[in-house]
>>> print(open('query18.pdb').read())   # PDB, C-alpha atoms, pLDDT in the B column
ATOM      1  CA  MET A   1       3.094 -70.461   4.371  1.00 49.00           C
ATOM      2  CA  ASP A   2       5.025 -67.212   4.482  1.00 51.00           C
ATOM      3  CA  ASN A   3       3.127 -64.038   5.261  1.00 53.00           C
ATOM      4  CA  PRO A   4       3.040 -61.584   2.355  1.00 51.00           C
ATOM      5  CA  GLN A   5       5.207 -58.542   2.927  1.00 51.00           C
ATOM      6  CA  ARG A   6       3.311 -55.475   3.929  1.00 51.00           C
ATOM      7  CA  ALA A   7       3.480 -52.521   1.603  1.00 51.00           C
ATOM      8  CA  THR A   8       5.369 -49.711   3.200  1.00 53.00           C
ATOM      9  CA  SER A   9       5.346 -46.058   2.211  1.00 50.00           C
ATOM     10  CA  PRO A  10       8.707 -44.568   1.335  1.00 54.00           C
ATOM     11  CA  ARG A  11      10.339 -42.589   4.080  1.00 56.00           C
ATOM     12  CA  LEU A  12      11.811 -39.206   3.472  1.00 51.00           C
ATOM     13  CA  ASP A  13      15.347 -38.574   4.558  1.00 57.00           C
ATOM     14  CA  PRO A  14      15.622 -35.829   7.202  1.00 61.00           C
ATOM     15  CA  PRO A  15      16.888 -33.126   4.772  1.00 61.00           C
ATOM     16  CA  GLU A  16      14.128 -33.927   2.254  1.00 64.00           C
ATOM     17  CA  TRP A  17      11.485 -34.016   4.991  1.00 58.00           C
ATOM     18  CA  LEU A  18      12.634 -30.640   6.320  1.00 61.00           C
ATOM     19  CA  ALA A  19      12.566 -29.046   2.865  1.00 61.00           C
ATOM     20  CA  THR A  20       9.070 -30.388   2.182  1.00 61.00           C
ATOM     21  CA  ARG A  21       7.735 -29.124   5.489  1.00 61.00           C
ATOM     22  CA  THR A  22       9.380 -25.719   5.037  1.00 61.00           C
ATOM     23  CA  LEU A  23       7.839 -25.370   1.572  1.00 60.00           C
ATOM     24  CA  PHE A  24       4.409 -26.298   2.927  1.00 52.00           C
ATOM     25  CA  VAL A  25       4.647 -23.766   5.764  1.00 52.00           C
ATOM     26  CA  ALA A  26       5.827 -21.011   3.376  1.00 54.00           C
ATOM     27  CA  ALA A  27       3.013 -21.711   0.920  1.00 53.00           C
ATOM     28  CA  THR A  28       0.418 -21.707   3.709  1.00 49.00           C
ATOM     29  CA  TYR A  29       1.717 -18.419   5.129  1.00 45.00           C
ATOM     30  CA  ALA A  30       1.713 -16.751   1.690  1.00 48.00           C
ATOM     31  CA  SER A  31      -1.860 -17.877   1.011  1.00 50.00           C
ATOM     32  CA  LEU A  32      -3.158 -16.646   4.359  1.00 45.00           C
ATOM     33  CA  ALA A  33      -1.237 -13.364   4.428  1.00 46.00           C
ATOM     34  CA  TYR A  34      -1.597 -12.255   0.825  1.00 50.00           C
ATOM     35  CA  VAL A  35      -4.922 -13.790  -0.277  1.00 49.00           C
ATOM     36  CA  VAL A  36      -7.237 -14.916   2.524  1.00 49.00           C
ATOM     37  CA  ALA A  37      -6.644 -12.142   5.102  1.00 49.00           C
ATOM     38  CA  PRO A  38      -7.040  -9.200   2.659  1.00 52.00           C
ATOM     39  CA  TRP A  39     -10.248 -10.779   1.291  1.00 49.00           C
ATOM     40  CA  LEU A  40     -11.664 -11.169   4.809  1.00 49.00           C
ATOM     41  CA  TRP A  41     -10.849  -7.570   5.705  1.00 47.00           C
ATOM     42  CA  ARG A  42     -12.547  -6.292   2.534  1.00 51.00           C
ATOM     43  CA  ARG A  43     -15.650  -8.347   3.323  1.00 50.00           C
ATOM     44  CA  ARG A  44     -15.640  -7.019   6.905  1.00 48.00           C
ATOM     45  CA  GLU A  45     -15.562  -3.423   5.683  1.00 50.00           C
ATOM     46  CA  GLN A  46     -18.418  -4.066   3.289  1.00 44.00           C
ATOM     47  CA  ALA A  47     -20.466  -5.728   6.026  1.00 40.00           C
ATOM     48  CA  VAL A  48     -19.880  -2.930   8.493  1.00 38.00           C
ATOM     49  CA  GLY A  49     -20.673  -0.360   5.839  1.00 36.00           C
ATOM     50  CA  ARG A  50     -18.266   2.186   7.306  1.00 46.00           C
ATOM     51  CA  ALA A  51     -18.293   5.513   5.517  1.00 46.00           C
ATOM     52  CA  VAL A  52     -15.025   6.198   3.703  1.00 52.00           C
ATOM     53  CA  SER A  53     -13.532   9.614   4.345  1.00 69.00           C
ATOM     54  CA  PRO A  54     -12.436  11.552   1.258  1.00 80.00           C
ATOM     55  CA  TRP A  55      -9.142  12.293   3.050  1.00 88.00           C
ATOM     56  CA  LEU A  56      -8.052   8.663   3.495  1.00 91.00           C
ATOM     57  CA  THR A  57      -5.810   6.804   1.085  1.00 93.00           C
ATOM     58  CA  ARG A  58      -6.390   3.146   0.222  1.00 91.00           C
ATOM     59  CA  THR A  59      -4.037   0.153   0.058  1.00 89.00           C
ATOM     60  CA  ASP A  60      -3.667  -2.251  -2.873  1.00 86.00           C
ATOM     61  CA  ASP A  61      -6.194  -4.466  -1.064  1.00 82.00           C
ATOM     62  CA  ASP A  62      -8.662  -1.534  -0.849  1.00 84.00           C
ATOM     63  CA  LEU A  63      -8.218  -1.132   2.905  1.00 84.00           C
ATOM     64  CA  PRO A  64      -7.936   2.299   4.595  1.00 87.00           C
ATOM     65  CA  GLY A  65      -4.387   3.622   4.313  1.00 90.00           C
ATOM     66  CA  ASP A  66      -2.646   6.624   5.835  1.00 93.00           C
ATOM     67  CA  PRO A  67      -4.663   9.861   6.124  1.00 94.00           C
ATOM     68  CA  LEU A  68      -3.829  12.829   3.920  1.00 96.00           C
ATOM     69  CA  ASN A  69      -2.256  15.635   5.920  1.00 96.00           C
ATOM     70  CA  VAL A  70      -0.109  17.726   3.550  1.00 97.00           C
ATOM     71  CA  ALA A  71      -0.919  20.048   0.630  1.00 96.00           C
ATOM     72  CA  LEU A  72       1.703  21.922  -1.397  1.00 97.00           C
ATOM     73  CA  VAL A  73       1.028  24.370  -4.214  1.00 96.00           C
ATOM     74  CA  GLY A  74       3.579  24.549  -7.027  1.00 95.00           C
ATOM     75  CA  SER A  75       4.837  22.952 -10.201  1.00 94.00           C
ATOM     76  CA  ARG A  76       6.415  19.511 -10.353  1.00 95.00           C
ATOM     77  CA  SER A  77       9.876  21.025 -10.725  1.00 95.00           C
ATOM     78  CA  GLU A  78       9.271  23.356  -7.765  1.00 96.00           C
ATOM     79  CA  LEU A  79       8.210  20.399  -5.610  1.00 97.00           C
ATOM     80  CA  LEU A  80      11.241  18.328  -6.634  1.00 97.00           C
ATOM     81  CA  ARG A  81      13.685  21.170  -6.012  1.00 96.00           C
ATOM     82  CA  ALA A  82      12.096  22.017  -2.660  1.00 97.00           C
ATOM     83  CA  MET A  83      12.153  18.443  -1.370  1.00 97.00           C
ATOM     84  CA  LEU A  84      15.733  17.859  -2.511  1.00 96.00           C
ATOM     85  CA  ARG A  85      16.940  21.081  -0.935  1.00 96.00           C
ATOM     86  CA  ALA A  86      15.118  20.185   2.300  1.00 97.00           C
ATOM     87  CA  GLY A  87      17.048  16.897   2.490  1.00 96.00           C
ATOM     88  CA  TRP A  88      14.461  14.459   1.110  1.00 97.00           C
ATOM     89  CA  ALA A  89      15.307  11.818  -1.500  1.00 96.00           C
ATOM     90  CA  PRO A  90      12.908  10.538  -4.208  1.00 96.00           C
ATOM     91  CA  ALA A  91      11.958   6.911  -3.547  1.00 94.00           C
ATOM     92  CA  ASP A  92      12.917   4.236  -6.057  1.00 88.00           C
ATOM     93  CA  ALA A  93      10.195   2.443  -7.985  1.00 88.00           C
ATOM     94  CA  ILE A  94       9.135  -0.963  -6.656  1.00 85.00           C
ATOM     95  CA  THR A  95      11.007  -3.609  -8.662  1.00 86.00           C
ATOM     96  CA  TRP A  96      12.484  -7.010  -7.856  1.00 88.00           C
ATOM     97  CA  GLU A  97      15.897  -5.353  -7.663  1.00 88.00           C
ATOM     98  CA  SER A  98      14.796  -2.563  -5.298  1.00 79.00           C
ATOM     99  CA  CYS A  99      12.838  -5.007  -3.101  1.00 80.00           C
ATOM    100  CA  TRP A 100      15.883  -7.280  -2.820  1.00 83.00           C
ATOM    101  CA  ARG A 101      18.073  -4.294  -2.033  1.00 82.00           C
ATOM    102  CA  ILE A 102      15.825  -2.941   0.724  1.00 77.00           C
ATOM    103  CA  ALA A 103      15.683  -6.410   2.314  1.00 78.00           C
ATOM    104  CA  GLU A 104      19.470  -6.751   2.140  1.00 79.00           C
ATOM    105  CA  THR A 105      20.241  -3.266   3.467  1.00 80.00           C
ATOM    106  CA  THR A 106      17.707  -3.652   6.283  1.00 75.00           C
ATOM    107  CA  LEU A 107      19.162  -6.964   7.461  1.00 77.00           C
ATOM    108  CA  LEU A 108      22.775  -5.783   7.133  1.00 76.00           C
ATOM    109  CA  ARG A 109      21.994  -2.277   8.438  1.00 78.00           C
ATOM    110  CA  ARG A 110      23.361  -0.578   5.359  1.00 81.00           C
ATOM    111  CA  ALA A 111      22.267   2.741   3.913  1.00 81.00           C
ATOM    112  CA  TYR A 112      19.649   2.893   1.137  1.00 82.00           C
ATOM    113  CA  ARG A 113      18.683   6.538   0.969  1.00 83.00           C
ATOM    114  CA  ASP A 114      16.141   6.185  -1.857  1.00 87.00           C
ATOM    115  CA  ALA A 115      14.529   2.862  -0.871  1.00 87.00           C
ATOM    116  CA  PRO A 116      11.060   2.175  -2.348  1.00 87.00           C
ATOM    117  CA  VAL A 117       7.877   2.836  -0.406  1.00 91.00           C
ATOM    118  CA  SER A 118       4.697   0.790  -0.640  1.00 89.00           C
ATOM    119  CA  THR A 119       1.893   1.853  -2.961  1.00 93.00           C
ATOM    120  CA  LEU A 120      -1.140   3.738  -1.684  1.00 95.00           C
ATOM    121  CA  HIS A 121      -4.061   4.973  -3.767  1.00 96.00           C
ATOM    122  CA  TYR A 122      -6.112   8.158  -3.734  1.00 95.00           C
ATOM    123  CA  ARG A 123      -9.157   8.504  -5.978  1.00 91.00           C
ATOM    124  CA  GLY A 124      -8.155   5.232  -7.613  1.00 92.00           C
ATOM    125  CA  ARG A 125      -4.620   6.416  -8.476  1.00 94.00           C
ATOM    126  CA  ARG A 126      -1.311   5.367  -6.997  1.00 96.00           C
ATOM    127  CA  GLN A 127       0.999   8.101  -5.704  1.00 97.00           C
ATOM    128  CA  ASP A 128       2.686  10.276  -8.321  1.00 97.00           C
ATOM    129  CA  LEU A 129       5.779  10.999  -6.232  1.00 97.00           C
ATOM    130  CA  ALA A 130       7.251   9.713  -2.972  1.00 97.00           C
ATOM    131  CA  PHE A 131      10.122  11.021  -0.865  1.00 98.00           C
ATOM    132  CA  GLU A 132      11.949   9.803   2.211  1.00 96.00           C
ATOM    133  CA  MET A 133      14.570  10.803   4.745  1.00 96.00           C
ATOM    134  CA  PRO A 134      16.236   7.834   6.501  1.00 93.00           C
ATOM    135  CA  VAL A 135      17.043   7.835  10.202  1.00 92.00           C
ATOM    136  CA  GLY A 136      20.038   5.682  11.080  1.00 85.00           C
ATOM    137  CA  ALA A 137      22.079   3.291   8.976  1.00 82.00           C
ATOM    138  CA  SER A 138      19.281   1.412   7.200  1.00 78.00           C
ATOM    139  CA  PRO A 139      15.816   1.986   5.675  1.00 83.00           C
ATOM    140  CA  ARG A 140      14.242   0.397   8.750  1.00 86.00           C
ATOM    141  CA  ARG A 141      13.422   3.850  10.212  1.00 91.00           C
ATOM    142  CA  ARG A 142      12.615   6.797   7.960  1.00 94.00           C
ATOM    143  CA  HIS A 143      10.486   9.866   7.390  1.00 96.00           C
ATOM    144  CA  HIS A 144       8.418   9.491   4.223  1.00 96.00           C
ATOM    145  CA  VAL A 145       5.652  11.209   2.289  1.00 98.00           C
ATOM    146  CA  ARG A 146       3.602  10.320  -0.801  1.00 98.00           C
ATOM    147  CA  PHE A 147       2.129  12.948  -3.145  1.00 98.00           C
ATOM    148  CA  TRP A 148      -0.762  12.924  -5.614  1.00 98.00           C
ATOM    149  CA  LEU A 149      -1.177  15.661  -8.223  1.00 96.00           C
ATOM    150  CA  LEU A 150      -4.671  17.144  -8.315  1.00 92.00           C
ATOM    151  CA  ARG A 151      -5.861  18.719 -11.538  1.00 77.00           C
ATOM    152  CA  ALA A 152      -5.829  22.495 -11.221  1.00 74.00           C
ATOM    153  CA  PRO A 153      -8.065  24.931 -13.100  1.00 71.00           C
ATOM    154  CA  ARG A 154      -6.410  26.497 -16.136  1.00 73.00           C
ATOM    155  CA  GLY A 155      -4.086  29.319 -15.190  1.00 74.00           C
ATOM    156  CA  GLU A 156      -3.695  28.209 -11.549  1.00 84.00           C
ATOM    157  CA  ARG A 157      -0.710  26.496  -9.981  1.00 90.00           C
ATOM    158  CA  PRO A 158      -0.911  22.706  -9.438  1.00 93.00           C
ATOM    159  CA  LEU A 159      -1.897  21.314  -6.039  1.00 95.00           C
ATOM    160  CA  TRP A 160      -0.048  18.324  -4.574  1.00 97.00           C
ATOM    161  CA  ILE A 161      -1.850  16.514  -1.785  1.00 96.00           C
ATOM    162  CA  GLY A 162       0.164  14.145   0.389  1.00 97.00           C
ATOM    163  CA  ALA A 163       0.282  11.672   3.258  1.00 97.00           C
ATOM    164  CA  ALA A 164       3.281  12.014   5.570  1.00 97.00           C
ATOM    165  CA  SER A 165       4.131   9.464   8.262  1.00 96.00           C
ATOM    166  CA  PHE A 166       7.172   7.997  10.020  1.00 96.00           C
ATOM    167  CA  ASP A 167       8.300   4.386   9.612  1.00 94.00           C
ATOM    168  CA  ARG A 168       9.385   3.300  13.098  1.00 92.00           C
ATOM    169  CA  GLY A 169      10.495  -0.207  12.093  1.00 84.00           C
ATOM    170  CA  ILE A 170       9.798  -3.362  10.108  1.00 81.00           C
ATOM    171  CA  GLY A 171       7.556  -6.194  11.283  1.00 73.00           C
ATOM    172  CA  ILE A 172       4.503  -8.288  10.535  1.00 72.00           C
ATOM    173  CA  SER A 173       1.264  -6.572   9.547  1.00 64.00           C
ATOM    174  CA  HIS A 174      -1.332  -6.747  12.316  1.00 57.00           C
ATOM    175  CA  ARG A 175      -4.099  -7.403   9.782  1.00 59.00           C
ATOM    176  CA  ASP A 176      -2.765  -9.952   7.299  1.00 55.00           C
ATOM    177  CA  GLY A 177       0.666 -11.136   8.446  1.00 56.00           C
ATOM    178  CA  GLU A 178       2.604  -9.563   5.559  1.00 65.00           C
ATOM    179  CA  LEU A 179       6.092  -8.189   6.149  1.00 66.00           C
ATOM    180  CA  THR A 180       5.864  -4.398   6.179  1.00 75.00           C
ATOM    181  CA  HIS A 181       6.963  -1.123   7.747  1.00 76.00           C
ATOM    182  CA  HIS A 182       5.045   0.051  10.814  1.00 88.00           C
ATOM    183  CA  ILE A 183       4.257   3.747  11.208  1.00 91.00           C
ATOM    184  CA  ALA A 184       4.554   5.781  14.392  1.00 93.00           C
ATOM    185  CA  PRO A 185       1.136   6.735  15.834  1.00 93.00           C
ATOM    186  CA  GLU A 186       1.748  10.501  16.154  1.00 94.00           C
ATOM    187  CA  ILE A 187       1.441  11.384  12.469  1.00 95.00           C
ATOM    188  CA  ASP A 188       0.960  15.084  13.217  1.00 97.00           C
ATOM    189  CA  ASP A 189       4.630  15.109  14.265  1.00 97.00           C
ATOM    190  CA  GLU A 190       5.594  13.949  10.777  1.00 97.00           C
ATOM    191  CA  ARG A 191       3.442  16.638   9.195  1.00 97.00           C
ATOM    192  CA  GLN A 192       5.319  19.166  11.320  1.00 97.00           C
ATOM    193  CA  TRP A 193       8.695  17.629  10.394  1.00 97.00           C
ATOM    194  CA  LEU A 194       7.986  18.099   6.687  1.00 97.00           C
ATOM    195  CA  ALA A 195       6.901  21.684   7.298  1.00 97.00           C
ATOM    196  CA  THR A 196      10.022  22.382   9.353  1.00 97.00           C
ATOM    197  CA  THR A 197      12.456  20.998   6.757  1.00 97.00           C
ATOM    198  CA  LEU A 198      10.834  22.955   3.930  1.00 97.00           C
ATOM    199  CA  GLY A 199      10.861  26.114   6.031  1.00 95.00           C
ATOM    200  CA  GLN A 200      14.528  25.710   6.952  1.00 95.00           C
ATOM    201  CA  ALA A 201      15.350  25.248   3.270  1.00 95.00           C
ATOM    202  CA  ALA A 202      13.622  28.581   2.502  1.00 94.00           C
ATOM    203  CA  CYS A 203      11.305  26.936  -0.037  1.00 93.00           C
ATOM    204  CA  LEU A 204       7.977  28.328   1.169  1.00 95.00           C
ATOM    205  CA  GLU A 205       6.337  31.642   0.369  1.00 92.00           C
ATOM    206  CA  GLU A 206       3.658  31.161   2.999  1.00 91.00           C
ATOM    207  CA  SER A 207       2.213  28.264   4.968  1.00 94.00           C
ATOM    208  CA  GLY A 208      -0.218  27.293   7.704  1.00 95.00           C
ATOM    209  CA  LEU A 209      -2.639  24.663   8.988  1.00 95.00           C
ATOM    210  CA  VAL A 210      -6.099  24.271   7.442  1.00 93.00           C
ATOM    211  CA  PRO A 211      -9.052  21.959   8.278  1.00 91.00           C
ATOM    212  CA  GLY A 212      -8.981  18.444   6.821  1.00 86.00           C
ATOM    213  CA  ILE A 213     -10.225  15.034   7.884  1.00 84.00           C
ATOM    214  CA  GLY A 214     -11.032  16.151  11.447  1.00 86.00           C
ATOM    215  CA  ARG A 215      -9.799  14.690  14.717  1.00 89.00           C
ATOM    216  CA  LEU A 216      -9.360  10.951  14.274  1.00 89.00           C
ATOM    217  CA  SER A 217      -7.986   7.871  16.031  1.00 87.00           C
ATOM    218  CA  ALA A 218      -7.919   4.852  13.723  1.00 86.00           C
ATOM    219  CA  CYS A 219      -5.721   2.188  12.147  1.00 85.00           C
ATOM    220  CA  ASN A 220      -4.177   2.092   8.697  1.00 84.00           C
ATOM    221  CA  GLY A 221      -4.136  -0.827   6.274  1.00 77.00           C
ATOM    222  CA  CYS A 222      -1.450  -2.653   8.268  1.00 76.00           C
ATOM    223  CA  GLY A 223      -3.376  -2.305  11.522  1.00 81.00           C
ATOM    224  CA  ASP A 224      -1.040   0.386  12.897  1.00 87.00           C
ATOM    225  CA  PRO A 225      -2.929   2.775  15.209  1.00 90.00           C
ATOM    226  CA  TYR A 226      -2.556   6.515  14.690  1.00 93.00           C
ATOM    227  CA  THR A 227      -4.030   9.737  15.999  1.00 93.00           C
ATOM    228  CA  THR A 228      -4.330  13.125  14.327  1.00 94.00           C
ATOM    229  CA  ASP A 229      -5.959  16.482  14.869  1.00 95.00           C
ATOM    230  CA  GLY A 230      -7.120  16.162  11.260  1.00 92.00           C
ATOM    231  CA  ARG A 231      -5.563  19.301   9.847  1.00 94.00           C
ATOM    232  CA  PHE A 232      -3.517  19.837   6.662  1.00 95.00           C
ATOM    233  CA  PHE A 233      -0.209  21.602   6.420  1.00 97.00           C
ATOM    234  CA  LEU A 234      -0.718  23.906   3.422  1.00 96.00           C
ATOM    235  CA  GLY A 235       2.384  25.437   1.857  1.00 96.00           C
ATOM    236  CA  MET A 236       2.950  27.688  -1.169  1.00 96.00           C
ATOM    237  CA  LEU A 237       6.208  26.674  -2.837  1.00 95.00           C
ATOM    238  CA  ARG A 238       8.623  29.116  -4.351  1.00 87.00           C
ATOM    239  CA  GLY A 239      11.662  28.552  -6.532  1.00 74.00           C
ATOM    240  CA  CYS A 240      14.549  27.298  -4.410  1.00 71.00           C
TER     241      CYS A 240
END
>>> encode(input="query18.pdb", output="structure tokens")
Amino acid sequence: MDNPQRATSPRLDPPEWLATRTLFVAATYASLAYVVAPWLWRRREQAVGRAVSPWLTRTDDDLPGDPLNVALVGSRSELLRAMLRAGWAPADAITWESCWRIAETTLLRRAYRDAPVSTLHYRGRRQDLAFEMPVGASPRRRHHVRFWLLRAPRGERPLWIGAASFDRGIGISHRDGELTHHIAPEIDDERQWLATTLGQAACLEESGLVPGIGRLSACNGCGDPYTTDGRFFLGMLRGC
């Protein structure tokens, strides 16, 4: 009597097997990097109960972002004119088109002077304005600063508070594995760079350093370490 044929599972051809495995790996990475890791870091912060400084921004995942280190007094038009004259370009909004373009120009080392910057929050609000100044032939390395408008008493000039830092390259976030820019640790140098460019453009009436967050060595939302003396650069803008 013949033996019944054993049921066999269908075999995937090599190309189909490779595509299936690649899709599985991509889905696993996206889940860990963009869902699981941010949730774990938020739970860790809550468990530790670390006091949140009023001079720290927050990421979309409610993690500590870059520290605030710049304050400029002037109208919106004065700020725009001053930054443009000092050589800074307004950053594009984050859209599918701008994200695709920054990825393309980074890989091909092409210029994208007004590439988008990631969103940070201060007092529950995303930045009102962002500017950048690329270094080299792609948006991989760039000076950049985000500004938030603070409500001023009636009759007084508006106050713009900002976080300036330098993107030294693109890589994987140390905290959640997302693809992101990494900042240089000496953020006081970037504060000074902004002050220098505005001064050279003759857009400041007066300026100086004032107390802020205080001396600090920490990490931002991507796990990038930084150090600062904790002071603000305070500048009074004038019409350029």
>>> residues_near_point(input="query18.pdb", point="(-2.1, 23.3, 2.5)", cutoff="7 Å", atoms="all atoms listed in the file", output="list in words")
Val70, Ala71, Leu72, Gly208, Leu209, Val210, Phe232, Phe233, Leu234 and Gly235 of chain A
>>> write_last_selection(input="query18.pdb", atoms="C-alpha atoms", output="compact mmCIF listing (two decimals), in the coordinates of the input")
# COMPACT_ATOMS: atom_id res chain seq x y z
CA VAL A 70 -0.11 17.73 3.55
CA ALA A 71 -0.92 20.05 0.63
CA LEU A 72 1.70 21.92 -1.40
CA GLY A 208 -0.22 27.29 7.70
CA LEU A 209 -2.64 24.66 8.99
CA VAL A 210 -6.10 24.27 7.44
CA PHE A 232 -3.52 19.84 6.66
CA PHE A 233 -0.21 21.60 6.42
CA LEU A 234 -0.72 23.91 3.42
CA GLY A 235 2.38 25.44 1.86
>>> residues_around(input="query18.pdb", residues="A:Asn220", least_positions_apart="2", cutoff="6 Å", atoms="only C-alpha atoms", output="mmCIF file with C-alpha atoms, keeping the file's coordinate frame")
data_model
loop_
_atom_site.group_PDB
_atom_site.id
_atom_site.type_symbol
_atom_site.label_atom_id
_atom_site.label_comp_id
_atom_site.auth_asym_id
_atom_site.auth_seq_id
_atom_site.Cartn_x
_atom_site.Cartn_y
_atom_site.Cartn_z
ATOM 1 C CA PRO A 64 -7.936 2.299 4.595
ATOM 2 C CA GLY A 65 -4.387 3.622 4.313
ATOM 3 C CA ASP A 66 -2.646 6.624 5.835
ATOM 4 C CA CYS A 222 -1.450 -2.653 8.268
ATOM 5 C CA GLY A 223 -3.376 -2.305 11.522
ATOM 6 C CA ASP A 224 -1.040 0.386 12.897
#
>>> closest_residue(input="query18.pdb", among="A:Ile161, A:Thr197, A:Val73, A:Arg125", to="A:Gly212", atoms="all atoms listed in the file")
A:Ile161
>>> resolve_selection(input="query18.pdb", expression="the PyMOL selection byres ((chain A and resi 162-166) around 7)", output="VMD selection string")
chain A and resid 66 to 71 142 to 148 160 to 161 167 to 168 183 to 184 187 190 to 191
>>> atom_distance(input="query18.pdb", atom1="atom CA of A:Ser118", atom2="atom CA of A:Cys99")
10.3 Å
>>> residues_around(input="query18.pdb", residues="stretch 88-97 of chain A", least_positions_apart="2", cutoff="9 Å", atoms="all atoms listed in the file", output="PyMOL selection string")
chain A and resi 80+82-86+99-102+113-119+129-134+143-144+197
>>> residues_around(input="query18.pdb", residues="A:Leu107", least_positions_apart="5", cutoff="12 Å", atoms="all atoms listed in the file", output="list in words")
Trp100, Arg101, Ile102, Tyr112, Ala137, Ser138, Pro139, Arg140, Gly169 and Ile170 of chain A
>>> atom_distance(input="query18.pdb", atom1="atom CA of A:Glu156", atom2="atom CA of A:Pro211")
21.5 Å
>>> closest_residue(input="query18.pdb", among="A:Gly171, A:Thr180, A:Arg123, A:Val135", to="A:Gly221", atoms="only C-alpha atoms")
A:Thr180
>>> atom_distance(input="query18.pdb", atom1="atom CA of A:Arg154", atom2="atom CA of A:Arg238")
19.3 Å
>>> closest_residue(input="query18.pdb", among="A:Glu186, A:Asp229, A:Glu104, A:Asp62", to="A:Tyr122", atoms="only C-alpha atoms")
A:Asp62
>>> resolve_selection(input="query18.pdb", expression="the PyMOL selection byres ((chain A and resi 227) around 6)", output="JSON, numbers by chain")
{"A": [185, 186, 216, 217, 226, 228]}
>>> closest_residue(input="query18.pdb", among="A:Ala202, A:Leu150, A:Cys240, A:Leu120", to="A:Glu78", atoms="only C-alpha atoms")
A:Cys240
>>> closest_residue(input="query18.pdb", among="A:Ala103, A:Leu56, A:Leu149, A:Ile172", to="A:Gln127", atoms="all atoms listed in the file")
A:Leu149
>>> build_atoms(input="query18.pdb", residues="stretch 109-123 of chain A", atoms="N, CA and C atoms", output="PDB file, in the coordinates of the input")
ATOM      1  N   ARG A 109      21.914  -3.644   7.902  1.00 78.00           N
ATOM      2  CA  ARG A 109      21.994  -2.277   8.438  1.00 78.00           C
ATOM      3  C   ARG A 109      22.915  -1.402   7.587  1.00 78.00           C
ATOM      4  N   ARG A 110      22.634  -1.416   6.293  1.00 81.00           N
ATOM      5  CA  ARG A 110      23.361  -0.578   5.359  1.00 81.00           C
ATOM      6  C   ARG A 110      22.445   0.517   4.831  1.00 81.00           C
ATOM      7  N   ALA A 111      23.042   1.600   4.370  1.00 81.00           N
ATOM      8  CA  ALA A 111      22.267   2.741   3.913  1.00 81.00           C
ATOM      9  C   ALA A 111      21.601   2.455   2.569  1.00 81.00           C
ATOM     10  N   TYR A 112      20.380   2.912   2.410  1.00 82.00           N
ATOM     11  CA  TYR A 112      19.649   2.893   1.137  1.00 82.00           C
ATOM     12  C   TYR A 112      18.762   4.119   1.166  1.00 82.00           C
ATOM     13  N   ARG A 113      19.323   5.242   0.770  1.00 83.00           N
ATOM     14  CA  ARG A 113      18.683   6.538   0.969  1.00 83.00           C
ATOM     15  C   ARG A 113      17.392   6.678   0.167  1.00 83.00           C
ATOM     16  N   ASP A 114      17.324   6.040  -1.006  1.00 87.00           N
ATOM     17  CA  ASP A 114      16.141   6.185  -1.857  1.00 87.00           C
ATOM     18  C   ASP A 114      15.393   4.863  -1.992  1.00 87.00           C
ATOM     19  N   ALA A 115      15.242   4.144  -0.879  1.00 87.00           N
ATOM     20  CA  ALA A 115      14.529   2.862  -0.871  1.00 87.00           C
ATOM     21  C   ALA A 115      13.075   3.055  -1.299  1.00 87.00           C
ATOM     22  N   PRO A 116      12.465   2.040  -1.917  1.00 87.00           N
ATOM     23  CA  PRO A 116      11.060   2.175  -2.348  1.00 87.00           C
ATOM     24  C   PRO A 116      10.102   2.237  -1.171  1.00 87.00           C
ATOM     25  N   VAL A 117       8.956   2.824  -1.392  1.00 91.00           N
ATOM     26  CA  VAL A 117       7.877   2.836  -0.406  1.00 91.00           C
ATOM     27  C   VAL A 117       6.686   2.099  -1.009  1.00 91.00           C
ATOM     28  N   SER A 118       5.840   1.554  -0.161  1.00 89.00           N
ATOM     29  CA  SER A 118       4.697   0.790  -0.640  1.00 89.00           C
ATOM     30  C   SER A 118       3.707   1.699  -1.367  1.00 89.00           C
ATOM     31  N   THR A 119       2.864   1.101  -2.161  1.00 93.00           N
ATOM     32  CA  THR A 119       1.893   1.853  -2.961  1.00 93.00           C
ATOM     33  C   THR A 119       0.621   2.125  -2.171  1.00 93.00           C
ATOM     34  N   LEU A 120       0.176   3.371  -2.189  1.00 95.00           N
ATOM     35  CA  LEU A 120      -1.140   3.738  -1.684  1.00 95.00           C
ATOM     36  C   LEU A 120      -1.911   4.415  -2.818  1.00 95.00           C
ATOM     37  N   HIS A 121      -3.221   4.435  -2.704  1.00 96.00           N
ATOM     38  CA  HIS A 121      -4.061   4.973  -3.767  1.00 96.00           C
ATOM     39  C   HIS A 121      -4.958   6.081  -3.220  1.00 96.00           C
ATOM     40  N   TYR A 122      -5.155   7.093  -4.056  1.00 95.00           N
ATOM     41  CA  TYR A 122      -6.112   8.158  -3.734  1.00 95.00           C
ATOM     42  C   TYR A 122      -6.924   8.429  -4.989  1.00 95.00           C
ATOM     43  N   ARG A 123      -8.246   8.368  -4.846  1.00 91.00           N
ATOM     44  CA  ARG A 123      -9.157   8.504  -5.978  1.00 91.00           C
ATOM     45  C   ARG A 123      -8.825   7.492  -7.072  1.00 91.00           C
TER      46      ARG A 123
END
